[in-house]
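Undergrad: Contents of final10.txt (compact mmCIF, C-alpha atoms):
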```txt
# COMPACT_ATOMS: atom_id res chain seq x y z
CA MET Z 1 96.66 92.26 119.22
CA SER Z 2 96.40 88.63 118.08
CA SER Z 3 99.65 86.78 117.58
CA SER Z 4 100.41 83.32 116.23
CA PRO Z 5 104.17 82.68 116.29
CA ASP Z 6 103.59 79.30 114.63
CA ILE Z 7 102.47 81.09 111.50
CA GLU Z 8 104.33 84.39 111.84
CA GLU Z 9 107.84 83.10 112.52
CA SER Z 10 107.61 79.82 110.64
CA LEU Z 11 109.29 78.97 107.36
CA ALA Z 12 106.44 76.62 106.47
CA PHE Z 13 104.28 78.17 103.77
CA THR Z 14 100.68 77.70 104.88
CA PRO Z 15 98.66 80.23 102.86
CA LYS Z 16 95.34 81.06 104.48
CA PHE Z 17 92.58 81.04 101.86
CA ASP Z 18 89.27 82.70 102.74
CA ALA Z 19 85.85 81.02 102.90
CA GLY Z 20 85.64 81.26 99.10
CA GLY Z 21 89.04 79.58 98.68
CA LEU Z 22 90.81 82.78 97.67
CA ILE Z 23 93.79 84.78 98.90
CA THR Z 24 94.50 88.46 98.14
CA ALA Z 25 97.43 89.21 95.83
CA VAL Z 26 98.98 92.68 95.75
CA VAL Z 27 100.92 93.31 92.56
CA THR Z 28 103.63 95.95 92.24
CA ASP Z 29 105.97 96.87 89.41
CA ALA Z 30 109.37 95.44 90.34
CA ALA Z 31 111.20 98.34 88.68
CA SER Z 32 109.19 101.39 89.77
CA GLY Z 33 107.63 99.95 92.93
CA ASP Z 34 104.21 101.30 91.87
CA LEU Z 35 101.08 99.41 92.81
CA LEU Z 36 99.64 97.92 89.62
CA MET Z 37 96.63 95.91 90.78
CA VAL Z 38 95.02 93.84 93.51
CA ALA Z 39 93.78 90.41 92.44
CA HIS Z 40 92.91 87.05 93.97
CA MET Z 41 94.33 83.55 93.69
CA ASN Z 42 92.88 80.18 94.45
CA ALA Z 43 95.18 77.28 95.36
CA GLN Z 44 95.59 76.27 91.74
CA ALA Z 45 96.50 79.79 90.58
CA LEU Z 46 99.03 80.07 93.39
CA ALA Z 47 100.59 76.70 92.56
CA LYS Z 48 100.86 77.62 88.87
CA THR Z 49 102.40 81.00 89.74
CA ILE Z 50 105.04 79.37 91.95
CA GLU Z 51 105.75 76.64 89.41
CA THR Z 52 105.95 78.84 86.29
CA GLY Z 53 107.12 82.20 87.66
CA GLU Z 54 104.28 83.85 85.72
CA ALA Z 55 101.27 85.41 87.42
CA TRP Z 56 98.08 83.35 87.45
CA TYR Z 57 94.97 84.57 89.24
CA TYR Z 58 91.39 83.53 89.81
CA SER Z 59 88.84 85.79 88.14
CA ARG Z 60 85.92 86.26 90.50
CA SER Z 61 83.77 87.80 87.75
CA ARG Z 62 84.43 84.98 85.29
CA LYS Z 63 84.76 82.32 87.98
CA ALA Z 64 87.77 80.88 86.21
CA LEU Z 65 91.51 80.39 86.48
CA TRP Z 66 93.13 83.31 84.70
CA ARG Z 67 96.62 83.53 83.28
CA LYS Z 68 97.33 87.26 83.42
CA GLY Z 69 97.87 88.46 79.85
CA GLU Z 70 96.31 85.41 78.19
CA THR Z 71 94.18 87.69 75.97
CA SER Z 72 96.14 90.95 75.99
CA GLY Z 73 99.64 89.54 75.94
CA HIS Z 74 100.35 91.71 78.99
CA VAL Z 75 101.80 88.87 81.02
CA GLN Z 76 103.55 89.37 84.34
CA ARG Z 77 106.88 87.73 85.14
CA VAL Z 78 107.17 87.35 88.88
CA ILE Z 79 110.48 88.66 90.18
CA GLU Z 80 109.65 87.95 93.80
CA LEU Z 81 106.70 86.49 95.70
CA ARG Z 82 106.21 87.25 99.39
CA THR Z 83 103.64 86.47 102.04
CA ASP Z 84 102.69 88.48 105.10
CA CYS Z 85 102.80 87.80 108.84
CA ASP Z 86 99.55 85.84 109.05
CA GLN Z 87 99.94 84.37 105.55
CA ASP Z 88 96.58 85.63 104.29
CA ALA Z 89 97.98 87.98 101.65
CA LEU Z 90 100.58 87.73 98.90
CA TRP Z 91 102.84 90.34 97.32
CA LEU Z 92 104.02 89.85 93.76
CA LYS Z 93 106.79 92.07 92.43
CA VAL Z 94 106.42 91.69 88.68
CA GLU Z 95 107.91 92.67 85.38
CA GLN Z 96 104.82 93.83 83.51
CA ALA Z 97 104.88 93.06 79.78
CA GLY Z 98 103.20 95.56 77.46
CA PRO Z 99 101.82 99.01 78.21
CA GLY Z 100 99.75 98.26 81.29
CA ALA Z 101 98.14 95.97 83.84
CA CYS Z 102 94.61 97.38 84.00
CA HIS Z 103 91.84 96.14 81.72
CA THR Z 104 90.61 99.74 81.37
CA GLY Z 105 93.72 100.48 79.29
CA ARG Z 106 95.89 101.97 81.97
CA ARG Z 107 99.26 101.09 83.47
CA SER Z 108 97.78 100.69 86.98
CA CYS Z 109 94.25 100.05 88.26
CA PHE Z 110 94.71 102.79 90.86
CA TYR Z 111 94.14 105.89 88.70
CA ARG Z 112 91.74 107.76 90.98
CA ALA Z 113 92.34 109.46 94.31
CA VAL Z 114 89.87 109.99 97.15
CA PRO Z 115 90.39 113.52 98.52
CA LEU Z 116 90.97 113.60 102.27
CA GLY Z 117 89.58 115.88 104.94
CA GLN Z 118 85.92 115.74 104.02
CA LYS Z 119 82.76 114.32 105.55
CA GLY Z 120 80.13 112.50 103.54
CA ALA Z 121 80.19 111.50 99.88
CA ALA Z 122 83.55 112.03 98.23
CA ARG Z 123 84.27 112.94 94.60
CA LEU Z 124 87.21 111.13 93.08
CA GLU Z 125 90.04 112.86 91.23
CA PHE Z 126 91.92 111.31 88.32
CA ARG Z 127 95.65 110.65 88.84
CA GLU Z 128 97.89 109.33 86.07
CA ALA Z 129 94.66 108.28 84.38
CA GLY Z 130 95.85 108.49 80.78
CA LYS Z 131 95.26 105.32 78.81
CA THR Z 132 98.40 103.56 77.64
CA PHE Z 133 96.53 101.18 75.34
CA ASP Z 134 93.11 100.79 73.75
CA PRO Z 135 91.23 98.04 75.59
CA ASP Z 136 88.73 97.64 72.72
CA LYS Z 137 91.59 96.64 70.44
CA VAL Z 138 93.42 94.49 72.98
CA TYR Z 139 90.38 92.58 74.29
CA LYS Z 140 88.46 91.59 71.18
CA MET F 141 86.83 90.61 80.59
CA SER F 142 84.07 92.30 82.56
CA SER F 143 83.81 96.06 82.22
CA SER F 144 81.60 98.59 83.98
CA PRO F 145 82.31 102.10 82.67
CA ASP F 146 79.83 103.51 85.18
CA ILE F 147 82.18 102.49 87.97
CA GLU F 148 85.52 102.53 86.17
CA GLU F 149 85.39 105.96 84.57
CA SER F 150 83.18 107.69 87.12
CA LEU F 151 84.28 110.31 89.62
CA ALA F 152 81.60 109.14 92.05
CA PHE F 153 83.20 107.24 94.92
CA THR F 154 81.13 104.08 95.39
CA PRO F 155 83.38 101.68 97.34
CA LYS F 156 82.35 98.07 96.95
CA PHE F 157 82.35 96.33 100.33
CA ASP F 158 82.32 92.53 100.40
CA ALA F 159 79.63 90.30 101.94
CA GLY F 160 81.21 90.93 105.36
CA GLY F 161 81.07 94.71 104.87
CA LEU F 162 84.82 95.03 104.32
CA ILE F 163 87.12 96.40 101.63
CA THR F 164 90.81 95.55 101.15
CA ALA F 165 93.33 98.28 101.94
CA VAL F 166 96.88 98.09 100.59
CA VAL F 167 99.29 100.24 102.56
CA THR F 168 102.61 101.46 101.19
CA ASP F 169 105.28 103.74 102.62
CA ALA F 170 104.86 107.08 100.85
CA ALA F 171 108.61 107.75 100.95
CA SER F 172 110.13 104.39 99.99
CA GLY F 173 107.17 102.93 98.10
CA ASP F 174 107.54 99.65 100.01
CA LEU F 175 104.50 97.56 100.81
CA LEU F 176 103.92 97.76 104.56
CA MET F 177 100.72 95.80 105.13
CA VAL F 178 97.35 94.69 103.81
CA ALA F 179 94.38 95.42 106.05
CA HIS F 180 90.62 95.82 105.83
CA MET F 181 88.21 98.68 106.39
CA ASN F 182 84.51 98.77 107.06
CA ALA F 183 82.47 101.82 106.07
CA GLN F 184 83.11 103.51 109.41
CA ALA F 185 86.88 102.99 109.25
CA LEU F 186 86.94 104.37 105.72
CA ALA F 187 84.89 107.42 106.69
CA LYS F 188 87.17 108.13 109.65
CA THR F 189 90.27 107.74 107.49
CA ILE F 190 88.95 110.20 104.92
CA GLU F 191 87.81 112.65 107.58
CA THR F 192 90.92 112.58 109.75
CA GLY F 193 93.70 111.75 107.29
CA GLU F 194 94.88 109.03 109.69
CA ALA F 195 94.55 105.32 108.92
CA TRP F 196 91.67 103.50 110.59
CA TYR F 197 90.98 99.84 109.87
CA TYR F 198 88.64 97.10 110.96
CA SER F 199 90.33 94.29 112.87
CA ARG F 200 88.85 90.99 111.74
CA SER F 201 90.46 89.13 114.65
CA ARG F 202 89.21 91.55 117.29
CA LYS F 203 85.98 92.38 115.39
CA ALA F 204 86.45 96.04 116.18
CA LEU F 205 87.23 99.40 114.65
CA TRP F 206 90.97 99.92 114.93
CA ARG F 207 92.89 103.15 114.83
CA LYS F 208 96.29 102.08 113.55
CA GLY F 209 98.85 102.85 116.23
CA GLU F 210 96.32 103.28 119.05
CA THR F 211 98.38 100.97 121.28
CA SER F 212 101.85 101.17 119.75
CA GLY F 213 101.86 104.84 118.80
CA HIS F 214 102.83 103.72 115.30
CA VAL F 215 100.11 105.77 113.62
CA GLN F 216 99.89 106.25 109.86
CA ARG F 217 99.32 109.66 108.32
CA VAL F 218 97.68 109.17 104.93
CA ILE F 219 99.46 111.12 102.22
CA GLU F 220 97.21 109.86 99.45
CA LEU F 221 94.22 107.53 99.22
CA ARG F 222 93.32 105.87 95.93
CA THR F 223 90.77 103.37 94.71
CA ASP F 224 91.00 100.91 91.83
CA CYS F 225 89.05 100.41 88.61
CA ASP F 226 86.17 98.45 90.12
CA GLN F 227 86.37 100.27 93.45
CA ASP F 228 86.77 97.13 95.55
CA ALA F 229 90.26 97.91 96.81
CA LEU F 230 91.99 100.93 98.36
CA TRP F 231 95.59 102.08 98.29
CA LEU F 232 96.93 104.18 101.15
CA LYS F 233 100.29 105.88 100.77
CA VAL F 234 101.24 106.64 104.33
CA GLU F 235 103.85 108.27 106.50
CA GLN F 236 104.50 105.55 109.06
CA ALA F 237 105.25 106.84 112.56
CA GLY F 238 107.69 104.82 114.66
CA PRO F 239 109.89 101.91 113.68
CA GLY F 240 107.39 99.73 111.88
CA ALA F 241 103.91 98.75 110.75
CA CYS F 242 103.84 95.05 111.61
CA HIS F 243 102.68 93.78 114.99
CA THR F 244 105.48 91.17 114.91
CA GLY F 245 107.97 94.02 115.42
CA ARG F 246 108.99 94.58 111.83
CA ARG F 247 108.84 97.49 109.44
CA SER F 248 106.66 95.56 106.95
CA CYS F 249 104.41 92.51 107.29
CA PHE F 250 105.95 91.04 104.12
CA TYR F 251 109.22 89.69 105.53
CA ARG F 252 109.15 86.22 103.95
CA ALA F 253 109.56 85.18 100.33
CA VAL F 254 108.11 82.14 98.60
CA PRO F 255 110.81 80.67 96.32
CA LEU F 256 109.66 80.23 92.73
CA GLY F 257 110.12 77.36 90.31
CA GLN F 258 109.10 74.51 92.55
CA LYS F 259 106.24 72.07 92.73
CA GLY F 260 104.52 71.10 95.95
CA ALA F 261 105.05 72.47 99.43
CA ALA F 262 107.28 75.53 99.52
CA ARG F 263 109.67 76.61 102.28
CA LEU F 264 109.70 80.32 102.96
CA GLU F 265 112.86 82.42 103.14
CA PHE F 266 113.28 85.43 105.42
CA ARG F 267 113.79 88.80 103.70
CA GLU F 268 114.48 92.00 105.63
CA ALA F 269 113.08 90.11 108.62
CA GLY F 270 115.03 91.90 111.33
CA LYS F 271 112.85 93.29 114.08
CA THR F 272 112.86 97.07 114.37
CA PHE F 273 111.03 97.08 117.71
CA ASP F 274 110.12 94.69 120.51
CA PRO F 275 106.41 93.87 120.23
CA ASP F 276 106.29 92.60 123.83
CA LYS F 277 107.28 96.06 125.04
CA VAL F 278 105.09 97.98 122.59
CA TYR F 279 101.92 95.91 123.03
CA LYS F 280 101.58 95.45 126.76
```
How would this structure read if it were set down as structure tokens?

TA:
Amino acid sequence: MSSSPDIEESLAFTPKFDAGGLITAVVTDAASGDLLMVAHMNAQALAKTIETGEAWYYSRSRKALWRKGETSGHVQRVIELRTDCDQDALWLKVEQAGPGACHTGRRSCFYRAVPLGQKGAARLEFREAGKTFDPDKVYK
Amino acid sequence: MSSSPDIEESLAFTPKFDAGGLITAVVTDAASGDLLMVAHMNAQALAKTIETGEAWYYSRSRKALWRKGETSGHVQRVIELRTDCDQDALWLKVEQAGPGACHTGRRSCFYRAVPLGQKGAARLEFREAGKTFDPDKVYK
């Protein structure tokens, strides 16, 4: 087990970005505790999140800084931001504005389960997969 | 906003591994809902997790398949496994055996908060940072 007390027990915030300059951000609903989404931040998105208290990410598909909710209005107010032992992941507890966090029109991005106990190719099963908004209307 | 209905609405499980062959796994406590850790899986770790219902990861530091709890006994029984819209992240709700998930001796890896509303270098603040076990005794 690797251990780096300098990073793990320190109060210096030294986020570890990957080779692409990104760090993983896990986003949960501050009220319900449910996992809403997993996104990525570059240094600029992280700085803006800390400064403004609103969630900013880096969109890998659009290769651009991304203020969550800039199009949909479904912004995220950050109630608490945490980092993990080796400072290569972030946890945002947020107050999610609007009906959902997922661009597919759902509250959470995690609306499918992988059944356990099988070998080989798995079939997913929907869980809480009802749409809470119409993405075609929200993202014009 | 990018959208791929083939992946997002499909019941075919087609996990998207990154260039290094890994996928991000977010691990929460099935009872409390708290975020315990963020880890990574390769295809083999994912297959073993699905097959056995116990959490297997890939240790990037040790470059090896890693059965969670193999040294400490702090194994994780997977209550539910989910994937997200674009199938590049996994969510494990687990029953955590023993006093904690973090190799630093804590229940969760996320025991430090980043204060919001500031510019420039941030100082972390401990949150629920008490050790629940002695890592020197558990990892010999």

Undergrad: Counting all atoms listed in the file, a student should be able to say which residues of chain Z come within 8 Å of chain F; what is the right answer, written as a PyMOL selection string?

TA: chain Z and resi 1-3+8+10-13+26+33-34+37-38+47+49-53+61-62+80-85+89+91+102-104+109-126+139

Undergrad: Write out chain Z, as a PDB file with C-alpha atoms, in the frame of the given file, after superposing it onto chain F by least squares using every C-alpha atom paired in order.

TA:
```
ATOM      1  CA  MET Z   1      86.877  90.619  80.568  1.00  0.00           C
ATOM      2  CA  SER Z   2      84.094  92.301  82.561  1.00  0.00           C
ATOM      3  CA  SER Z   3      83.808  96.049  82.230  1.00  0.00           C
ATOM      4  CA  SER Z   4      81.602  98.583  83.985  1.00  0.00           C
ATOM      5  CA  PRO Z   5      82.321 102.090  82.670  1.00  0.00           C
ATOM      6  CA  ASP Z   6      79.840 103.510  85.188  1.00  0.00           C
ATOM      7  CA  ILE Z   7      82.173 102.497  87.978  1.00  0.00           C
ATOM      8  CA  GLU Z   8      85.523 102.532  86.178  1.00  0.00           C
ATOM      9  CA  GLU Z   9      85.364 105.967  84.558  1.00  0.00           C
ATOM     10  CA  SER Z  10      83.172 107.697  87.117  1.00  0.00           C
ATOM     11  CA  LEU Z  11      84.254 110.314  89.623  1.00  0.00           C
ATOM     12  CA  ALA Z  12      81.588 109.133  92.059  1.00  0.00           C
ATOM     13  CA  PHE Z  13      83.195 107.230  94.914  1.00  0.00           C
ATOM     14  CA  THR Z  14      81.135 104.077  95.391  1.00  0.00           C
ATOM     15  CA  PRO Z  15      83.378 101.689  97.348  1.00  0.00           C
ATOM     16  CA  LYS Z  16      82.340  98.070  96.949  1.00  0.00           C
ATOM     17  CA  PHE Z  17      82.361  96.336 100.337  1.00  0.00           C
ATOM     18  CA  ASP Z  18      82.319  92.531 100.396  1.00  0.00           C
ATOM     19  CA  ALA Z  19      79.638  90.305 101.946  1.00  0.00           C
ATOM     20  CA  GLY Z  20      81.204  90.933 105.366  1.00  0.00           C
ATOM     21  CA  GLY Z  21      81.086  94.714 104.867  1.00  0.00           C
ATOM     22  CA  LEU Z  22      84.827  95.042 104.332  1.00  0.00           C
ATOM     23  CA  ILE Z  23      87.109  96.410 101.627  1.00  0.00           C
ATOM     24  CA  THR Z  24      90.805  95.550 101.152  1.00  0.00           C
ATOM     25  CA  ALA Z  25      93.327  98.291 101.934  1.00  0.00           C
ATOM     26  CA  VAL Z  26      96.875  98.084 100.585  1.00  0.00           C
ATOM     27  CA  VAL Z  27      99.286 100.239 102.556  1.00  0.00           C
ATOM     28  CA  THR Z  28     102.609 101.461 101.185  1.00  0.00           C
ATOM     29  CA  ASP Z  29     105.271 103.742 102.613  1.00  0.00           C
ATOM     30  CA  ALA Z  30     104.859 107.085 100.846  1.00  0.00           C
ATOM     31  CA  ALA Z  31     108.608 107.756 100.942  1.00  0.00           C
ATOM     32  CA  SER Z  32     110.130 104.394  99.989  1.00  0.00           C
ATOM     33  CA  GLY Z  33     107.165 102.938  98.097  1.00  0.00           C
ATOM     34  CA  ASP Z  34     107.550  99.645 100.008  1.00  0.00           C
ATOM     35  CA  LEU Z  35     104.494  97.575 100.801  1.00  0.00           C
ATOM     36  CA  LEU Z  36     103.918  97.775 104.556  1.00  0.00           C
ATOM     37  CA  MET Z  37     100.718  95.809 105.137  1.00  0.00           C
ATOM     38  CA  VAL Z  38      97.355  94.696 103.801  1.00  0.00           C
ATOM     39  CA  ALA Z  39      94.382  95.429 106.052  1.00  0.00           C
ATOM     40  CA  HIS Z  40      90.616  95.821 105.821  1.00  0.00           C
ATOM     41  CA  MET Z  41      88.199  98.683 106.380  1.00  0.00           C
ATOM     42  CA  ASN Z  42      84.515  98.767 107.059  1.00  0.00           C
ATOM     43  CA  ALA Z  43      82.469 101.829 106.078  1.00  0.00           C
ATOM     44  CA  GLN Z  44      83.104 103.509 109.405  1.00  0.00           C
ATOM     45  CA  ALA Z  45      86.882 102.989 109.251  1.00  0.00           C
ATOM     46  CA  LEU Z  46      86.934 104.362 105.718  1.00  0.00           C
ATOM     47  CA  ALA Z  47      84.884 107.419 106.685  1.00  0.00           C
ATOM     48  CA  LYS Z  48      87.158 108.127 109.662  1.00  0.00           C
ATOM     49  CA  THR Z  49      90.268 107.723 107.489  1.00  0.00           C
ATOM     50  CA  ILE Z  50      88.941 110.194 104.911  1.00  0.00           C
ATOM     51  CA  GLU Z  51      87.793 112.644 107.574  1.00  0.00           C
ATOM     52  CA  THR Z  52      90.930 112.579 109.758  1.00  0.00           C
ATOM     53  CA  GLY Z  53      93.706 111.746 107.282  1.00  0.00           C
ATOM     54  CA  GLU Z  54      94.880 109.029 109.689  1.00  0.00           C
ATOM     55  CA  ALA Z  55      94.546 105.329 108.926  1.00  0.00           C
ATOM     56  CA  TRP Z  56      91.666 103.503 110.598  1.00  0.00           C
ATOM     57  CA  TYR Z  57      90.972  99.848 109.874  1.00  0.00           C
ATOM     58  CA  TYR Z  58      88.632  97.099 110.963  1.00  0.00           C
ATOM     59  CA  SER Z  59      90.329  94.292 112.872  1.00  0.00           C
ATOM     60  CA  ARG Z  60      88.840  91.000 111.748  1.00  0.00           C
ATOM     61  CA  SER Z  61      90.461  89.122 114.646  1.00  0.00           C
ATOM     62  CA  ARG Z  62      89.189  91.550 117.277  1.00  0.00           C
ATOM     63  CA  LYS Z  63      86.001  92.380 115.388  1.00  0.00           C
ATOM     64  CA  ALA Z  64      86.464  96.043 116.185  1.00  0.00           C
ATOM     65  CA  LEU Z  65      87.227  99.416 114.653  1.00  0.00           C
ATOM     66  CA  TRP Z  66      90.966  99.926 114.931  1.00  0.00           C
ATOM     67  CA  ARG Z  67      92.890 103.172 114.834  1.00  0.00           C
ATOM     68  CA  LYS Z  68      96.290 102.073 113.542  1.00  0.00           C
ATOM     69  CA  GLY Z  69      98.852 102.858 116.242  1.00  0.00           C
ATOM     70  CA  GLU Z  70      96.318 103.287 119.050  1.00  0.00           C
ATOM     71  CA  THR Z  71      98.383 100.966 121.288  1.00  0.00           C
ATOM     72  CA  SER Z  72     101.853 101.182 119.746  1.00  0.00           C
ATOM     73  CA  GLY Z  73     101.862 104.838 118.813  1.00  0.00           C
ATOM     74  CA  HIS Z  74     102.824 103.739 115.294  1.00  0.00           C
ATOM     75  CA  VAL Z  75     100.115 105.773 113.617  1.00  0.00           C
ATOM     76  CA  GLN Z  76      99.897 106.253 109.868  1.00  0.00           C
ATOM     77  CA  ARG Z  77      99.330 109.662 108.293  1.00  0.00           C
ATOM     78  CA  VAL Z  78      97.694 109.180 104.931  1.00  0.00           C
ATOM     79  CA  ILE Z  79      99.469 111.125 102.205  1.00  0.00           C
ATOM     80  CA  GLU Z  80      97.209 109.858  99.451  1.00  0.00           C
ATOM     81  CA  LEU Z  81      94.224 107.518  99.215  1.00  0.00           C
ATOM     82  CA  ARG Z  82      93.319 105.866  95.916  1.00  0.00           C
ATOM     83  CA  THR Z  83      90.767 103.367  94.701  1.00  0.00           C
ATOM     84  CA  ASP Z  84      91.016 100.908  91.838  1.00  0.00           C
ATOM     85  CA  CYS Z  85      89.061 100.407  88.615  1.00  0.00           C
ATOM     86  CA  ASP Z  86      86.178  98.442  90.124  1.00  0.00           C
ATOM     87  CA  GLN Z  87      86.366 100.281  93.462  1.00  0.00           C
ATOM     88  CA  ASP Z  88      86.769  97.129  95.550  1.00  0.00           C
ATOM     89  CA  ALA Z  89      90.266  97.913  96.818  1.00  0.00           C
ATOM     90  CA  LEU Z  90      91.981 100.925  98.359  1.00  0.00           C
ATOM     91  CA  TRP Z  91      95.598 102.077  98.291  1.00  0.00           C
ATOM     92  CA  LEU Z  92      96.923 104.171 101.149  1.00  0.00           C
ATOM     93  CA  LYS Z  93     100.286 105.877 100.760  1.00  0.00           C
ATOM     94  CA  VAL Z  94     101.245 106.633 104.346  1.00  0.00           C
ATOM     95  CA  GLU Z  95     103.843 108.270 106.500  1.00  0.00           C
ATOM     96  CA  GLN Z  96     104.482 105.541 109.056  1.00  0.00           C
ATOM     97  CA  ALA Z  97     105.246 106.838 112.556  1.00  0.00           C
ATOM     98  CA  GLY Z  98     107.692 104.829 114.661  1.00  0.00           C
ATOM     99  CA  PRO Z  99     109.903 101.911 113.678  1.00  0.00           C
ATOM    100  CA  GLY Z 100     107.386  99.725 111.884  1.00  0.00           C
ATOM    101  CA  ALA Z 101     103.902  98.754 110.761  1.00  0.00           C
ATOM    102  CA  CYS Z 102     103.841  95.045 111.608  1.00  0.00           C
ATOM    103  CA  HIS Z 103     102.681  93.769 114.989  1.00  0.00           C
ATOM    104  CA  THR Z 104     105.487  91.178 114.897  1.00  0.00           C
ATOM    105  CA  GLY Z 105     107.976  94.022 115.408  1.00  0.00           C
ATOM    106  CA  ARG Z 106     108.994  94.573 111.835  1.00  0.00           C
ATOM    107  CA  ARG Z 107     108.831  97.506 109.436  1.00  0.00           C
ATOM    108  CA  SER Z 108     106.656  95.566 106.950  1.00  0.00           C
ATOM    109  CA  CYS Z 109     104.410  92.509 107.289  1.00  0.00           C
ATOM    110  CA  PHE Z 110     105.946  91.046 104.130  1.00  0.00           C
ATOM    111  CA  TYR Z 111     109.230  89.684 105.529  1.00  0.00           C
ATOM    112  CA  ARG Z 112     109.154  86.229 103.943  1.00  0.00           C
ATOM    113  CA  ALA Z 113     109.569  85.179 100.328  1.00  0.00           C
ATOM    114  CA  VAL Z 114     108.106  82.131  98.591  1.00  0.00           C
ATOM    115  CA  PRO Z 115     110.805  80.662  96.318  1.00  0.00           C
ATOM    116  CA  LEU Z 116     109.661  80.221  92.726  1.00  0.00           C
ATOM    117  CA  GLY Z 117     110.139  77.357  90.312  1.00  0.00           C
ATOM    118  CA  GLN Z 118     109.106  74.493  92.547  1.00  0.00           C
ATOM    119  CA  LYS Z 119     106.222  72.044  92.711  1.00  0.00           C
ATOM    120  CA  GLY Z 120     104.510  71.085  95.938  1.00  0.00           C
ATOM    121  CA  ALA Z 121     105.048  72.468  99.430  1.00  0.00           C
ATOM    122  CA  ALA Z 122     107.281  75.518  99.513  1.00  0.00           C
ATOM    123  CA  ARG Z 123     109.679  76.603 102.269  1.00  0.00           C
ATOM    124  CA  LEU Z 124     109.705  80.312 102.958  1.00  0.00           C
ATOM    125  CA  GLU Z 125     112.863  82.415 103.130  1.00  0.00           C
ATOM    126  CA  PHE Z 126     113.272  85.430 105.398  1.00  0.00           C
ATOM    127  CA  ARG Z 127     113.791  88.810 103.687  1.00  0.00           C
ATOM    128  CA  GLU Z 128     114.469  91.998 105.640  1.00  0.00           C
ATOM    129  CA  ALA Z 129     113.092  90.099 108.621  1.00  0.00           C
ATOM    130  CA  GLY Z 130     115.037  91.896 111.342  1.00  0.00           C
ATOM    131  CA  LYS Z 131     112.850  93.288 114.091  1.00  0.00           C
ATOM    132  CA  THR Z 132     112.856  97.062 114.379  1.00  0.00           C
ATOM    133  CA  PHE Z 133     111.032  97.077 117.714  1.00  0.00           C
ATOM    134  CA  ASP Z 134     110.119  94.694 120.518  1.00  0.00           C
ATOM    135  CA  PRO Z 135     106.415  93.869 120.244  1.00  0.00           C
ATOM    136  CA  ASP Z 136     106.292  92.590 123.849  1.00  0.00           C
ATOM    137  CA  LYS Z 137     107.274  96.049 125.052  1.00  0.00           C
ATOM    138  CA  VAL Z 138     105.097  97.977 122.609  1.00  0.00           C
ATOM    139  CA  TYR Z 139     101.915  95.905 123.043  1.00  0.00           C
ATOM    140  CA  LYS Z 140     101.575  95.448 126.787  1.00  0.00           C
TER     141      LYS Z 140
END
```

Undergrad: In Å to one decimal, how far is CA of His40 (chain Z) from CA of Gly100 (chain Z)?

TA: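 Between CA of Gly100 (chain Z) and CA of His40 (chain Z) the gap works out to 18.3 Å.
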
Undergrad: What does the structure give for the distance between CA of Ala55 (chain Z) and CA of Leu162 (chain F), in Å to one decimal?

TA: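 Pair CA of Ala55 (chain Z) / CA of Leu162 (chain F) returns 25.5 Å.
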
Undergrad: I'd like the neighbourhood of Trp196 (chain F) as a JSON list (two decimals) with C-alpha atoms, in the frame of the given file, where a residue qualifies if any of its atoms comes within 6 Å (using all atoms listed in the file), though same-chain residues fewer than 3 positions away should be ignored.

TA:
```
[["chain", "number", "residue", "atom", "x", "y", "z"],
["F", 185, "ALA", "CA", 86.88, 102.99, 109.25],
["F", 189, "THR", "CA", 90.27, 107.74, 107.49],
["F", 206, "TRP", "CA", 90.97, 99.92, 114.93],
["F", 207, "ARG", "CA", 92.89, 103.15, 114.83],
["F", 208, "LYS", "CA", 96.29, 102.08, 113.55]]
```

Undergrad: Could you tell me how far CA of Ala64 (chain Z) sits from CA of Gly160 (chain F), in Å to one decimal place?

TA: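 Answer for the CA of Gly160 (chain F) to CA of Ala64 (chain Z) separation: 22.6 Å.
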
Undergrad: If I put a ball of radius 7 Å at (106.2, 95.4, 88.1) in the file's coordinates, which residues poke into it when counting all atoms listed in the file, written as a list in words?

TA: Thr28, Asp29, Ala30, Ala31, Ser32, Gly33, Lys93, Val94, Glu95 and Gln96 of chain Z

Undergrad: Here is a test: counting only C-alpha atoms, which residue of Z:Ala101, Z:Ala19, Z:Ile7, Z:Leu65 is nearest to Leu46 (chain Z)?

TA: Z:Leu65
